[in-house]
Every structure is written in structure tokens, then in C-alpha cells.
>>> print(open('input.csv').read())   # CSV, C-alpha atoms
chain,number,residue,atom,x,y,z
A,212,MET,CA,94.8,78.5,93.6
A,213,GLU,CA,97.3,78.5,90.8
A,214,GLU,CA,99.6,81.4,90.3
A,215,PHE,CA,98.0,84.5,88.7
A,216,LYS,CA,99.6,86.7,86.1
A,217,LEU,CA,98.8,90.1,84.7
A,218,GLU,CA,99.2,88.7,81.2
A,219,SER,CA,96.2,86.5,81.7
A,220,ILE,CA,93.8,89.5,81.8
A,221,LEU,CA,95.4,91.6,79.1
A,222,LEU,CA,93.5,91.9,75.8
A,223,PRO,CA,95.4,91.9,72.5
A,224,GLY,CA,97.1,95.2,71.8
A,225,VAL,CA,96.9,96.3,75.5
A,226,SER,CA,100.3,96.8,77.0
A,227,GLY,CA,101.0,95.5,80.5
A,228,GLU,CA,103.1,98.6,81.3
A,229,ARG,CA,101.8,100.3,84.4
A,230,PRO,CA,99.3,101.6,84.7
A,231,VAL,CA,96.8,99.7,82.6
A,232,VAL,CA,93.9,102.1,82.4
A,233,ILE,CA,90.2,101.4,82.2
A,234,ALA,CA,88.2,104.6,81.9
A,235,GLY,CA,84.7,105.8,81.1
A,236,PRO,CA,81.5,107.1,82.8
A,237,CYS,CA,80.0,105.8,86.0
A,238,SER,CA,76.8,105.1,84.0
A,239,ALA,CA,75.9,104.8,80.4
A,240,GLU,CA,73.2,107.6,80.2
A,241,THR,CA,72.6,108.2,76.5
A,242,GLU,CA,74.1,106.9,73.3
A,243,THR,CA,75.5,110.4,72.6
A,244,GLN,CA,77.1,110.7,76.0
A,245,VAL,CA,78.7,107.2,75.7
A,246,LEU,CA,80.1,107.8,72.2
A,247,GLN,CA,81.4,111.3,72.9
A,248,THR,CA,83.2,110.2,76.0
A,249,ALA,CA,84.6,107.1,74.3
A,250,GLN,CA,85.9,109.1,71.3
A,251,SER,CA,87.6,111.6,73.6
A,252,LEU,CA,89.2,108.8,75.6
A,253,ALA,CA,90.3,106.9,72.5
A,254,ALA,CA,92.0,110.1,71.3
A,255,LYS,CA,94.0,110.1,74.5
A,256,GLY,CA,95.2,106.6,73.9
A,257,ILE,CA,92.9,104.8,76.3
A,258,LYS,CA,92.1,101.3,75.0
A,259,LEU,CA,89.7,100.0,77.7
A,260,PHE,CA,86.3,101.7,78.0
A,261,ARG,CA,84.0,101.2,81.0
A,262,ALA,CA,80.4,102.1,81.6
A,263,GLY,CA,77.8,101.0,84.0
A,264,ILE,CA,74.8,99.5,82.3
A,265,TRP,CA,73.1,98.2,85.5
A,266,LYS,CA,73.6,100.4,88.6
A,267,PRO,CA,73.0,99.0,92.1
A,268,ARG,CA,71.9,101.9,94.1
A,269,THR,CA,71.8,102.1,97.9
A,270,LYS,CA,68.2,103.3,98.0
A,271,PRO,CA,65.3,102.9,95.5
A,272,GLY,CA,64.5,105.9,93.4
A,273,GLY,CA,68.0,106.7,92.1
A,274,PHE,CA,69.2,106.1,88.6
A,275,GLU,CA,69.6,102.4,88.2
A,276,GLY,CA,71.1,102.3,84.7
A,277,VAL,CA,69.6,102.2,81.3
A,278,GLY,CA,69.7,98.4,81.2
A,279,SER,CA,70.4,96.2,78.3
A,280,ILE,CA,69.8,98.9,75.7
A,281,GLY,CA,73.1,100.4,76.7
A,282,LEU,CA,75.0,97.3,75.6
A,283,ALA,CA,74.2,98.3,72.0
A,284,TRP,CA,75.9,101.6,72.7
A,285,LEU,CA,79.0,99.8,73.9
A,286,ARG,CA,79.0,97.7,70.7
A,287,ARG,CA,79.1,101.0,68.8
A,288,VAL,CA,82.1,102.1,70.9
A,289,LYS,CA,83.9,99.0,69.8
A,290,GLU,CA,83.0,99.4,66.2
A,291,GLU,CA,83.8,103.1,65.9
A,292,THR,CA,86.8,103.5,68.2
A,293,GLY,CA,88.4,100.1,68.3
A,294,MET,CA,88.3,100.2,72.1
A,295,TYR,CA,87.6,97.2,74.3
A,296,VAL,CA,84.5,97.6,76.5
A,297,ALA,CA,83.8,96.6,80.1
A,298,THR,CA,80.8,96.7,82.4
A,299,GLU,CA,79.6,95.5,85.8
A,300,VAL,CA,77.5,92.4,86.2
A,301,ALA,CA,75.5,91.5,89.3
A,302,THR,CA,73.1,88.8,88.2
A,303,ARG,CA,73.0,85.7,86.0
A,304,ASP,CA,70.9,87.6,83.5
A,305,HIS,CA,73.5,90.4,83.4
A,306,VAL,CA,76.2,87.9,82.5
A,307,PHE,CA,74.1,86.3,79.7
A,308,GLU,CA,73.2,89.7,78.3
A,309,ALA,CA,76.8,91.0,78.4
A,310,LEU,CA,78.2,87.8,76.8
A,311,LYS,CA,75.6,88.0,74.0
A,312,ALA,CA,76.6,91.7,73.4
A,313,GLY,CA,80.3,90.8,73.1
A,314,ILE,CA,81.5,92.7,76.1
A,315,ASP,CA,85.3,92.1,76.5
A,316,LEU,CA,85.8,92.5,80.2
A,317,LEU,CA,83.5,92.2,83.2
A,318,TRP,CA,83.8,93.4,86.8
A,319,ILE,CA,81.9,92.3,89.8
A,320,GLY,CA,80.9,95.1,92.3
A,321,ALA,CA,81.5,95.5,96.0
A,322,ARG,CA,77.9,94.7,97.0
A,323,SER,CA,78.1,91.5,95.0
A,324,SER,CA,81.5,90.3,96.2
A,325,ALA,CA,80.1,90.6,99.8
A,326,ASN,CA,77.4,88.1,99.1
A,327,PRO,CA,78.6,84.5,98.7
A,328,PHE,CA,75.3,83.3,97.2
A,329,MET,CA,75.5,86.0,94.5
A,330,MET,CA,79.1,85.2,93.8
A,331,GLN,CA,78.3,81.6,93.3
A,332,GLU,CA,75.5,82.5,91.0
A,333,LEU,CA,77.8,84.7,88.9
A,334,ALA,CA,80.5,82.0,89.0
A,335,ASP,CA,78.1,79.4,87.7
A,336,ALA,CA,76.9,81.8,84.9
A,337,LEU,CA,80.5,82.5,83.9
A,338,LYS,CA,81.5,78.8,83.8
A,339,GLY,CA,83.0,77.9,80.4
A,340,THR,CA,83.8,81.5,79.4
A,341,ASP,CA,87.2,83.0,78.8
A,342,LEU,CA,86.7,86.6,79.6
A,343,PRO,CA,88.8,88.6,82.0
A,344,VAL,CA,86.9,89.2,85.3
A,345,LEU,CA,87.8,91.7,87.9
A,346,VAL,CA,86.4,91.5,91.4
A,347,LYS,CA,86.0,94.6,93.6
A,348,ASN,CA,86.6,94.3,97.3
A,349,PRO,CA,83.5,93.8,99.5
A,350,VAL,CA,82.1,96.9,101.0
A,351,ASN,CA,83.3,95.9,104.4
A,352,PRO,CA,87.0,95.4,105.2
A,353,ASP,CA,87.0,91.6,105.1
A,354,LEU,CA,90.0,90.1,103.2
A,355,GLU,CA,88.8,86.5,103.5
A,356,LEU,CA,85.4,87.5,101.9
A,357,TRP,CA,87.3,89.1,99.0
A,358,ILE,CA,89.5,86.0,98.6
A,359,GLY,CA,86.4,83.8,98.8
A,360,ALA,CA,84.8,85.6,95.9
A,361,ILE,CA,87.9,85.0,93.8
A,362,GLN,CA,88.0,81.4,94.8
A,363,ARG,CA,84.4,80.9,93.7
A,364,LEU,CA,85.2,82.2,90.3
A,365,HIS,CA,88.4,80.1,90.2
A,366,GLY,CA,86.5,77.1,91.2
A,367,ALA,CA,84.2,77.6,88.2
A,368,GLY,CA,87.2,77.4,85.9
A,369,ILE,CA,87.7,81.2,85.4
A,370,ARG,CA,91.4,81.8,85.2
A,371,ARG,CA,91.7,85.3,83.8
A,372,LEU,CA,91.1,87.0,87.2
A,373,GLY,CA,92.1,90.3,88.8
A,374,VAL,CA,90.8,92.5,91.5
A,375,ILE,CA,89.8,96.1,92.0
A,376,HIS,CA,90.5,98.0,95.2
A,377,ARG,CA,87.7,100.5,95.6
A,378,GLY,CA,88.0,101.2,99.4
A,379,PHE,CA,85.8,100.2,102.3
A,380,SER,CA,82.6,101.8,103.6
A,381,SER,CA,82.6,103.6,107.0
A,382,TYR,CA,80.0,105.2,109.1
A,383,ASP,CA,82.4,107.9,110.1
A,384,LYS,CA,82.8,111.1,108.1
A,385,LYS,CA,86.2,110.9,106.5
A,386,ILE,CA,88.1,112.7,103.8
A,387,TYR,CA,87.5,109.7,101.6
A,388,ARG,CA,84.1,108.3,100.4
A,389,ASN,CA,85.5,104.8,101.1
A,390,LEU,CA,88.6,104.3,103.3
A,391,PRO,CA,91.6,103.0,101.3
A,392,LEU,CA,92.9,100.7,104.1
A,393,TRP,CA,95.8,100.0,101.8
A,394,HIS,CA,97.0,97.2,104.1
A,395,ILE,CA,94.2,95.0,102.9
A,396,PRO,CA,95.2,94.9,99.2
A,397,ILE,CA,98.8,94.7,100.3
A,398,GLU,CA,98.1,91.6,102.2
A,399,LEU,CA,96.1,90.2,99.3
A,400,ARG,CA,99.2,90.8,97.1
A,401,ARG,CA,101.4,89.1,99.6
A,402,ARG,CA,99.2,86.0,99.5
A,403,TYR,CA,98.8,86.0,95.7
A,404,PRO,CA,101.9,87.8,94.4
A,405,GLY,CA,100.9,87.7,90.7
A,406,LEU,CA,97.3,88.7,91.1
A,407,PRO,CA,96.6,91.8,89.0
A,408,ILE,CA,95.3,94.7,91.2
A,409,PHE,CA,93.6,97.8,89.9
A,410,CYS,CA,92.8,100.9,92.0
A,411,ASP,CA,89.5,102.7,91.7
A,412,PRO,CA,90.4,106.2,92.9
A,413,SER,CA,86.9,107.5,91.9
A,414,HIS,CA,85.1,105.4,94.5
A,415,ILE,CA,87.8,105.7,97.2
A,416,GLY,CA,88.0,109.5,96.9
A,417,GLY,CA,84.4,110.3,96.1
A,418,ARG,CA,85.7,113.7,94.9
A,419,ARG,CA,87.5,114.5,91.7
A,420,GLU,CA,90.3,116.4,93.4
A,421,LEU,CA,91.4,113.3,95.2
A,422,ILE,CA,91.8,111.2,92.1
A,423,ALA,CA,95.3,112.3,91.2
A,424,PRO,CA,96.9,111.7,94.6
A,425,LEU,CA,95.2,108.3,94.9
A,426,CYS,CA,96.4,107.2,91.5
A,427,GLN,CA,100.0,108.1,92.6
A,428,GLN,CA,99.6,106.2,95.8
A,429,ALA,CA,98.4,103.1,93.9
A,430,MET,CA,101.5,103.4,91.7
A,431,GLU,CA,103.8,103.6,94.7
A,432,LEU,CA,102.3,100.4,95.9
A,433,SER,CA,103.0,98.7,92.6
A,434,PHE,CA,99.3,98.3,91.6
A,435,ASN,CA,99.0,97.2,88.0
A,436,GLY,CA,96.2,99.5,86.8
A,437,LEU,CA,93.6,102.1,87.4
A,438,ILE,CA,89.9,102.1,86.7
A,439,VAL,CA,88.8,105.7,86.6
A,440,GLU,CA,85.3,107.3,86.1
A,441,SER,CA,85.5,109.7,83.2
A,442,HIS,CA,82.6,111.6,81.7
A,443,CYS,CA,82.3,114.1,78.8
A,444,ASN,CA,80.4,116.5,81.1
A,445,PRO,CA,80.9,115.3,84.7
A,446,ASP,CA,78.9,118.0,86.4
A,447,GLU,CA,75.8,116.8,84.5
A,448,ALA,CA,76.3,113.1,85.2
A,449,TRP,CA,73.3,111.1,86.3
A,450,SER,CA,75.2,109.3,89.0
A,451,ASP,CA,78.3,110.0,91.1
A,452,ALA,CA,78.9,113.4,89.4
A,453,ALA,CA,81.4,114.6,92.1
A,454,GLN,CA,83.9,111.8,91.4
A,455,GLN,CA,84.1,111.9,87.6
A,456,ILE,CA,86.6,113.8,85.5
A,457,THR,CA,86.8,114.7,81.9
A,458,PRO,CA,89.0,112.8,79.5
A,459,ASP,CA,91.3,115.9,79.3
A,460,VAL,CA,91.7,115.9,83.1
A,461,LEU,CA,92.3,112.2,83.1
A,462,ASP,CA,95.1,112.6,80.5
A,463,TYR,CA,96.6,115.3,82.6
A,464,VAL,CA,96.5,113.1,85.7
A,465,LEU,CA,98.1,110.1,83.9
A,466,ASN,CA,100.9,112.3,82.5
A,467,LEU,CA,101.8,113.5,86.0
A,468,LEU,CA,102.2,110.0,87.4
A,469,VAL,CA,105.6,109.0,88.6
A,470,ILE,CA,106.1,105.3,87.8
A,471,ARG,CA,109.0,103.8,89.7
A,472,ASP,CA,111.0,100.8,88.6
A,473,SER,CA,109.8,97.8,90.8
A,474,THR,CA,112.7,95.7,89.5
A,475,GLN,CA,115.4,98.1,90.8
A,476,THR,CA,118.0,96.4,92.9
A,477,THR,CA,117.4,96.6,96.6
A,478,GLU,CA,121.0,95.7,97.5
A,479,ASN,CA,121.7,99.2,98.9
A,480,LEU,CA,118.8,98.8,101.3
A,481,SER,CA,120.2,95.6,102.9
A,482,GLU,CA,121.8,97.3,105.9
A,483,LEU,CA,118.7,99.5,106.7
A,484,ARG,CA,116.5,96.4,106.5
A,485,ARG,CA,118.8,94.5,108.9
A,486,GLN,CA,118.4,97.4,111.3
A,487,ILE,CA,114.6,97.2,110.9
A,488,ASP,CA,114.7,93.4,111.6
A,489,ALA,CA,116.7,94.0,114.8
A,490,ILE,CA,114.3,96.7,115.9
A,491,ASP,CA,111.3,94.4,115.2
A,492,GLU,CA,113.0,91.7,117.3
A,493,ASN,CA,113.4,94.2,120.2
A,494,LEU,CA,109.7,95.2,119.8
A,495,LEU,CA,108.6,91.6,120.1
A,496,GLU,CA,110.7,91.1,123.2
A,497,ILE,CA,109.3,94.3,124.8
A,498,LEU,CA,105.7,93.2,124.0
A,499,ALA,CA,106.3,89.8,125.5
A,500,LYS,CA,107.7,91.4,128.6
A,501,ARG,CA,104.6,93.8,128.7
A,502,MET,CA,102.3,90.8,128.5
A,503,ARG,CA,104.1,89.0,131.3
A,504,ILE,CA,103.5,92.1,133.5
A,505,SER,CA,99.9,92.2,132.4
A,506,ARG,CA,99.5,88.6,133.5
A,507,GLU,CA,101.0,89.4,136.9
A,508,ILE,CA,98.5,92.3,137.2
A,509,GLY,CA,95.7,89.8,136.3
A,510,ILE,CA,96.8,87.5,139.1
A,511,TYR,CA,96.8,90.4,141.5
A,512,LYS,CA,93.3,91.5,140.4
A,513,LYS,CA,92.0,87.9,140.8
A,514,GLU,CA,93.5,87.6,144.3
A,515,HIS,CA,92.0,90.9,145.4
A,516,ASN,CA,88.6,90.4,143.6
A,517,MET,CA,89.1,93.4,141.3
A,518,PRO,CA,87.5,93.8,137.8
A,519,ILE,CA,89.8,93.5,134.8
A,520,LEU,CA,88.8,96.8,133.2
A,521,GLN,CA,90.0,99.9,134.9
A,522,THR,CA,88.6,102.6,132.7
A,523,PRO,CA,90.3,105.6,134.2
A,524,ARG,CA,93.7,103.9,133.9
A,525,TYR,CA,93.0,102.9,130.2
A,526,GLY,CA,92.0,106.5,129.3
A,527,GLU,CA,95.2,107.8,131.0
A,528,ILE,CA,97.3,105.4,129.0
A,529,LEU,CA,95.8,106.5,125.7
A,530,GLU,CA,96.1,110.2,126.5
A,531,ASN,CA,99.7,109.9,127.8
A,532,ARG,CA,100.9,107.8,124.9
A,533,SER,CA,99.3,110.0,122.3
A,534,ARG,CA,100.9,113.1,123.8
A,535,ALA,CA,104.3,111.3,123.9
A,536,ALA,CA,103.8,110.2,120.3
A,537,THR,CA,103.3,113.8,119.2
A,538,ALA,CA,106.5,114.9,121.0
A,539,MET,CA,108.4,112.2,119.1
A,540,ASP,CA,107.0,113.2,115.7
A,541,LEU,CA,104.8,110.1,115.5
A,542,ASN,CA,101.2,110.1,114.3
A,543,PRO,CA,99.1,110.0,117.6
A,544,GLU,CA,96.2,108.3,115.8
A,545,PHE,CA,98.6,105.5,114.7
A,546,ILE,CA,100.0,105.1,118.3
A,547,GLU,CA,96.4,105.1,119.7
A,548,LYS,CA,95.5,102.2,117.4
A,549,ILE,CA,98.6,100.3,118.5
A,550,MET,CA,97.8,100.9,122.2
A,551,LYS,CA,94.2,99.8,121.7
A,552,GLU,CA,95.4,96.5,120.2
A,553,ILE,CA,97.9,96.0,123.0
A,554,HIS,CA,95.3,96.8,125.6
A,555,GLU,CA,92.9,94.3,124.0
A,556,GLU,CA,95.5,91.6,124.1
A,557,SER,CA,96.3,92.4,127.7
A,558,VAL,CA,92.6,92.1,128.6
A,559,ARG,CA,92.4,88.8,126.8
A,560,GLN,CA,95.4,87.5,128.8
A,561,GLN,CA,93.9,88.6,132.1
A,562,MET,CA,90.6,87.0,131.1
A,563,ASN,CA,92.4,83.7,130.8
A,564,ILE,CA,93.8,84.1,134.3
A,565,MET,CA,90.4,85.1,135.7
A,566,THR,CA,88.6,82.1,134.3
A,567,VAL,CA,91.1,79.5,135.4
>>> encode(input="input.csv", output="C-alpha cells")
Amino acid sequence: MEEFKLESILLPGVSGERPVVIAGPCSAETETQVLQTAQSLAAKGIKLFRAGIWKPRTKPGGFEGVGSIGLAWLRRVKEETGMYVATEVATRDHVFEALKAGIDLLWIGARSSANPFMMQELADALKGTDLPVLVKNPVNPDLELWIGAIQRLHGAGIRRLGVIHRGFSSYDKKIYRNLPLWHIPIELRRRYPGLPIFCDPSHIGGRRELIAPLCQQAMELSFNGLIVESHCNPDEAWSDAAQQITPDVLDYVLNLLVIRDSTQTTENLSELRRQIDAIDENLLEILAKRMRISREIGIYKKEHNMPILQTPRYGEILENRSRAATAMDLNPEFIEKIMKEIHEESVRQQMNIMTV
């Protein structure tokens, strides 16, 4: 794919200065609610207004959006505030209705980006248009699936593309509604350096008190923008009430952000980076040595008809390494993840020996 640029998705009059902010309610509920929220946001200098018209719900019976009638309310927002308007599309009909209503920016949700058939349908429906389109990450942490969704749109001739990082679903109870797993958008940025990335702190956090720290983390990672759910009366919202904030609170959060200069010279970091490179080389040498020993153990197990997995030994390793990590002021969960990956590779190497 050709090189992406932030400028390609910017609308006239919208600055590319970080963060580019898209804000508005999770759902368009009533015309009054939409206009009141939009007017408050416009007064705070927000130029891009978002509202869900069609709402994909996990289970039937929930509020699934007002439907196409809400598009007329977004037109009123444009006329009365001068803001640009954005909404989510999930079907071919959604695309046609949004285009007919003059929507300025579209995004594709996490459930849609996880479905290649749906993505192809949306790409075909958008063919020949020149709207900016943002693609949310799939619900599951699959970078290739996310890239595939972008590629389908690109293949349909859509060039004004960006992405939204909204976190990844998990069965476990965590502090976040959706795990940030920052390494995934970081890897996406590595592969496509110019690709505009927005952070959705509302869906990552799931609670309004987490929005501010998540916004700051996104800025520390040089994300281009934020898409934040803002409602004139969040506690009475018809969907996702706990993760929405008022326009006043949003303004407060944005004013607290520390935006660091990404073009600052890194010359003074050169020596420290050389030390990191040397340590990484040592780590690789140590890992290679560990795997050689693992293979020797595999040969011994084969010769003595022993199974590869020695569960007590594995549990002992995890426990001892986690305890040592704590003593060294390292995060034991981080070390446990590393040890599990190392153990998995050791098992793979021994499996190769056993099957020869």
C-alpha cells in the first residue's frame, strides 16, 4: 500500500496539531440531545462531531440506535454549528444513507473489521467516494485482520484512511473494558509509519475516570488523535453511560494533556541506545545458549523415554522467576509472560527432537 499521511484525512479548517479530536455521544438519542451536546462541544472548539446512528449491540433487546432519522439531526448540527459530522457504518445500506445525508467522515466498528465479508461489502459500497474512513481494530487482538480490513478499503480505491485503537476484548475481569495492548497499534505504526491513529479511550476504559490517563498515554505514543464519547447528560445516556463525559469535562481533560515534541533531537540518547543494543545482543546470545541446553535435555528425555512436559518443574520455574523479578524491581507478570514464551519455544525445540 502507498504511504499514508495525516493530511489525507483532515477536513478543511481542521488542524493536524495533536490531538485531532472527534467527540460526541455514543448514540444519537433525540434531536435535542444531539444539538445540545454539539453546541456545547462547538463552544469548546471541537470541530468534529460523532454520534452513533446504528448501534451494533452484543445481545438483542438493547438500544440499537434511532436509525436513519438521526442523520437529519446530524445535518442540523452541520448547519447550526459548522462542525463536521461522523458516524459508524456497518452495512451497504448504512453507507448509502450516510452518503446521501452528507456525512463528512465514517468509521467502521470493531465487529465489522473482524469480518472480511462485511469489510468487502463496505469497501465495495465506498468505491468511488472520497470521504475519510477510519477503521477500528477488530475485537480480538489480530493485527493481520486489522491490516486486512485496511487493505480491502485501499483495494477499493479509498485513500483517505486512518485507524482507531479501541482496545481488545477479554474474558478476564480487568481494570479496562477492553485491553489496550499498546504493542499492537505500535506494530501497526511501524509497518505503516504515516498511518493516522486515533485512540478511543471511552471503549478502552469503559469508565469515565480512565479517559484522562488513557488520552495521555495515547499522546505519549504519538497517536494523532482522540475519539471520545461526550454527552450533555452522561448518566442518562441510553447506551454506554459509564464511559461518557460532559463537554466541560472533555475540555478539562484536553487542557491537561502534555503534548511532547516528537521532532525533538534524539542525539543525546545515542549512548543509552547503544547500551540497549549491546544488552539486546547479550540477551539473544543467552537465549540461544538456553535453547541449546533445552535441546540437550530433549535428547536425554528421548533416550530415557521421558515425556517432554514436566509440570512440577515448569511451575517451579515460574514461581522462582516471579519471586526473583520482584526482588529486582521488575514486574512479575511481565517476567511470567516472558518465561511462558521461553518455555513454549523450549517445548517446541524438544518436540522436534522427539519426532526425529
>>> residues_around(input="input.csv", residues="segment 281-294 of chain A", least_positions_apart="4", cutoff="12 Å", atoms="only C-alpha atoms", output="MDAnalysis selection string")
chainID A and resid 222:225 232:236 238:266 276:277 298:300 305:316
>>> atom_distance(input="input.csv", atom1="atom CA of Ser219 of chain A", atom2="atom CA of Asn435 of chain A")
12.7 Å
>>> closest_residue(input="input.csv", among="A:Asp304, A:Leu529, A:Asn348, A:Leu392", to="Ser323 of chain A", atoms="all atoms listed in the file")
A:Asn348
>>> closest_residue(input="input.csv", among="A:Gln521, A:Ser433, A:Ser481, A:Gln486", to="Glu228 of chain A", atoms="only C-alpha atoms")
A:Ser433
>>> atom_distance(input="input.csv", atom1="atom CA of Gly339 of chain A", atom2="atom CA of Arg322 of chain A")
24.2 Å
>>> residues_around(input="input.csv", residues="Trp357 of chain A", least_positions_apart="4", cutoff="8 Å", atoms="all atoms listed in the file", output="mmCIF file with C-alpha atoms, keeping the file's coordinate frame")
data_model
loop_
_atom_site.group_PDB
_atom_site.id
_atom_site.type_symbol
_atom_site.label_atom_id
_atom_site.label_comp_id
_atom_site.auth_asym_id
_atom_site.auth_seq_id
_atom_site.Cartn_x
_atom_site.Cartn_y
_atom_site.Cartn_z
ATOM 1 C CA SER A 324 81.500 90.300 96.200
ATOM 2 C CA ALA A 325 80.100 90.600 99.800
ATOM 3 C CA LYS A 347 86.000 94.600 93.600
ATOM 4 C CA ASN A 348 86.600 94.300 97.300
ATOM 5 C CA PRO A 349 83.500 93.800 99.500
ATOM 6 C CA ASP A 353 87.000 91.600 105.100
ATOM 7 C CA ILE A 361 87.900 85.000 93.800
#
>>> atom_distance(input="input.csv", atom1="atom CA of Trp318 of chain A", atom2="atom CA of Ala297 of chain A")
7.4 Å
>>> closest_residue(input="input.csv", among="A:Pro404, A:Pro424, A:Pro327, A:Pro412", to="Val469 of chain A", atoms="all atoms listed in the file")
A:Pro424
>>> closest_residue(input="input.csv", among="A:Leu432, A:Ile553, A:Gly359, A:Ala538", to="Arg401 of chain A", atoms="all atoms listed in the file")
A:Leu432
>>> closest_residue(input="input.csv", among="A:Gly417, A:Gly272, A:Tyr382, A:Glu355", to="Ile395 of chain A", atoms="only C-alpha atoms")
A:Glu355
>>> residues_around(input="input.csv", residues="Gly416 of chain A", least_positions_apart="5", cutoff="7 Å", atoms="all atoms listed in the file", output="PyMOL selection string")
chain A and resi 387-389+421-422
>>> axis_aligned_box(input="input.csv", around="segment 514-528 of chain A", padding_each_side="5 Å", output="JSON")
{"center_x": 92.4, "center_y": 97.7, "center_z": 137.2, "size_x": 19.8, "size_y": 30.2, "size_z": 26.4}
>>> residues_around(input="input.csv", residues="Ile510 of chain A", least_positions_apart="6", cutoff="12 Å", atoms="all atoms listed in the file", output="NGL selection string")
:A and (503-504 or 516-519 or 560-567)
>>> residues_around(input="input.csv", residues="Pro230 of chain A", least_positions_apart="2", cutoff="9 Å", atoms="all atoms listed in the file", output="NGL selection string")
:A and (227-228 or 232 or 409 or 430 or 434-437 or 465 or 470)
>>> write_last_selection(input="input.csv", atoms="C-alpha atoms", output="PDB file, keeping the file's coordinate frame")
ATOM      1  CA  GLY A 227     101.000  95.500  80.500  1.00  0.00           C
ATOM      2  CA  GLU A 228     103.100  98.600  81.300  1.00  0.00           C
ATOM      3  CA  VAL A 232      93.900 102.100  82.400  1.00  0.00           C
ATOM      4  CA  PHE A 409      93.600  97.800  89.900  1.00  0.00           C
ATOM      5  CA  MET A 430     101.500 103.400  91.700  1.00  0.00           C
ATOM      6  CA  PHE A 434      99.300  98.300  91.600  1.00  0.00           C
ATOM      7  CA  ASN A 435      99.000  97.200  88.000  1.00  0.00           C
ATOM      8  CA  GLY A 436      96.200  99.500  86.800  1.00  0.00           C
ATOM      9  CA  LEU A 437      93.600 102.100  87.400  1.00  0.00           C
ATOM     10  CA  LEU A 465      98.100 110.100  83.900  1.00  0.00           C
ATOM     11  CA  ILE A 470     106.100 105.300  87.800  1.00  0.00           C
TER      12      ILE A 470
END
>>> closest_residue(input="input.csv", among="A:Arg400, A:Arg268, A:Arg471, A:Arg559", to="Glu214 of chain A", atoms="all atoms listed in the file")
A:Arg400
